[in-house]
Amino acid sequence: MVKTFAKYWAGYILIAVLSSTALPVSATSALPDGLDAVRQRVAQVEVLRGSFEQEKQVAGFNNPLRSQGRFLLAHGKGVVWTTLKPFPSEMVVTRERILSVDSAGNRRVEADATQQPALREINALMFALVDGDVSALAQRFDLAAQALPNEAWSLVLTPKAAALARLFSKIELRGDRYVRQVVITEAGGDRTVLKFFDLSETPARLSADEAKRFE
């Protein structure tokens with residue numbers, strides 16, 4: 001069942017890492033130095049907007065699949081992932097469901113956590129990271145963090161749980177004030193590279209139209 005949702009993990013990773021604001025003070029005392037440095041360097045944001053480029057190398061194919069677009073991230077609500085090239089499409093990922101939106105604005109529920117326990121488990125994990133629940137993350141991943149020059153950092157997540165290990169070999173993050181790159185290596189050999197550009201925290205609140213997209 002978990003494999004059904006593998007293709008949506010880019011959205012979950014965005015929710016998790018782009019809005020991973022400073023962790024609660026009570027959660028930081030036992031953090032390894034590298035992970036604590038990452039925590040301190042990543043910006044605290046409620047809303048983040050930006051552009052992305054995604055390149056997926058599928059095992060057995062020479063040419064990667066490329067796409068470009070923009071995203072809207074709202075802490076506690078989810079992410080709107082709008083692909084502009086090569087084909088327009090949109091995906092809205094929230095705690096309870098995944099919606100697809102076609103070019104005419106028609107919305108369709110792709111997955112509902114009330115009906116799919118696996119989706120609820122994945123969402124709980126990702127939003128646990130958003131909320132700064134490092135203990136929940138550490139139960140499922142081995143974490144290797146490194147502080148780099150010029151306020152940069154890297155973080156590698158290697159799954160412990162068998163269900164996650166069947167999906168991913170590892171997830172690699174690199175950034176500074178923001179996450180700049182995510183590399184997702186799947187267990188089957190496929191590899192996705194996400195790069196983020198033109199990131200902006202302003203305006204700091206969702207407009208009425210933006211908020212409506214999460215309803």
# chains A, B, ... in the order shown; residues from 1 in each chain; ligands from 1
>>> residues_around(residues="range 186-193 of chain A", least_positions_apart="3", cutoff="6 Å", atoms="only C-alpha atoms", output="ChimeraX atom specification")
/A:54-59,166-169,182-183
>>> select_by_dssp(residues="range 26-211 of chain A", states="alpha helix (DSSP H)", output="NGL selection string")
:A and (26-28 or 33-41 or 117-130 or 134-140 or 162-165 or 208-211)
>>> atom_distance(atom1="CA of Ser100 in chain A", atom2="CA of Phe196 in chain A")
21.5 Å
>>> residues_around(residues="Ala204 in chain A", least_positions_apart="5", cutoff="9 Å", atoms="only C-alpha atoms", output="PDB file with C-alpha atoms, in the first residue's frame")
ATOM      1  CA  VAL A  45       9.013  30.699   7.820  1.00  0.00           C
ATOM      2  CA  GLU A  46       5.241  30.450   7.824  1.00  0.00           C
ATOM      3  CA  VAL A  47       4.858  30.895   4.074  1.00  0.00           C
ATOM      4  CA  LEU A  48       7.424  30.260   1.361  1.00  0.00           C
TER       5      LEU A  48
END
>>> closest_residue(among="A:Glu172, A:Glu110, A:Asp198, A:Glu90", to="Gly50 in chain A", atoms="only C-alpha atoms")
A:Asp198
>>> closest_residue(among="A:Val101, A:Val42, A:Val109, A:His75", to="Leu173 in chain A", atoms="only C-alpha atoms")
A:Val42
>>> residues_around(residues="range 152-159 of chain A", least_positions_apart="2", cutoff="10 Å", atoms="only C-alpha atoms", output="ChimeraX atom specification")
/A:34-35,37-39,41-42,137-150,161-184
>>> atom_distance(atom1="CA of Thr185 in chain A", atom2="CA of Gly60 in chain A")
14.7 Å
>>> residues_around(residues="Ser67 in chain A", least_positions_apart="3", cutoff="10 Å", atoms="only C-alpha atoms", output="count of residues only")
13
>>> atom_distance(atom1="CA of Ser89 in chain A", atom2="CA of Asp102 in chain A")
5.9 Å
>>> residues_around(residues="Phe214 in chain A", least_positions_apart="5", cutoff="10 Å", atoms="only C-alpha atoms", output="PDB file with N, CA and C atoms, in the first residue's frame")
ATOM      1  N   ALA A  74       2.790  26.451   2.881  1.00  0.00           N
ATOM      2  CA  ALA A  74       2.190  27.094   4.048  1.00  0.00           C
ATOM      3  C   ALA A  74       2.372  26.180   5.246  1.00  0.00           C
ATOM      4  N   LYS A  77      -0.270  23.734   6.793  1.00  0.00           N
ATOM      5  CA  LYS A  77      -1.339  23.486   5.825  1.00  0.00           C
ATOM      6  C   LYS A  77      -0.911  22.512   4.743  1.00  0.00           C
ATOM      7  N   GLY A  78       0.262  22.733   4.150  1.00  0.00           N
ATOM      8  CA  GLY A  78       0.727  21.848   3.102  1.00  0.00           C
ATOM      9  C   GLY A  78       1.452  22.592   2.010  1.00  0.00           C
ATOM     10  N   VAL A  79       1.418  22.043   0.812  1.00  0.00           N
ATOM     11  CA  VAL A  79       2.136  22.622  -0.311  1.00  0.00           C
ATOM     12  C   VAL A  79       1.301  22.510  -1.576  1.00  0.00           C
ATOM     13  N   VAL A  80       1.360  23.563  -2.387  1.00  0.00           N
ATOM     14  CA  VAL A  80       0.781  23.546  -3.731  1.00  0.00           C
ATOM     15  C   VAL A  80       1.939  23.449  -4.704  1.00  0.00           C
ATOM     16  N   VAL A  92      -2.005  19.466  -4.824  1.00  0.00           N
ATOM     17  CA  VAL A  92      -2.122  20.078  -3.505  1.00  0.00           C
ATOM     18  C   VAL A  92      -2.009  18.959  -2.471  1.00  0.00           C
ATOM     19  N   VAL A  93      -1.014  19.062  -1.609  1.00  0.00           N
ATOM     20  CA  VAL A  93      -0.779  18.047  -0.584  1.00  0.00           C
ATOM     21  C   VAL A  93      -1.066  18.661   0.781  1.00  0.00           C
ATOM     22  N   THR A  94      -2.006  18.074   1.511  1.00  0.00           N
ATOM     23  CA  THR A  94      -2.317  18.520   2.866  1.00  0.00           C
ATOM     24  C   THR A  94      -2.177  17.341   3.810  1.00  0.00           C
ATOM     25  N   LEU A  99      -4.726  16.311  -3.670  1.00  0.00           N
ATOM     26  CA  LEU A  99      -5.627  16.746  -4.722  1.00  0.00           C
ATOM     27  C   LEU A  99      -4.841  17.022  -5.990  1.00  0.00           C
ATOM     28  N   ASP A 209      -6.920  34.112  -2.003  1.00  0.00           N
ATOM     29  CA  ASP A 209      -6.917  33.134  -3.091  1.00  0.00           C
ATOM     30  C   ASP A 209      -5.984  31.960  -2.784  1.00  0.00           C
TER      31      ASP A 209
END
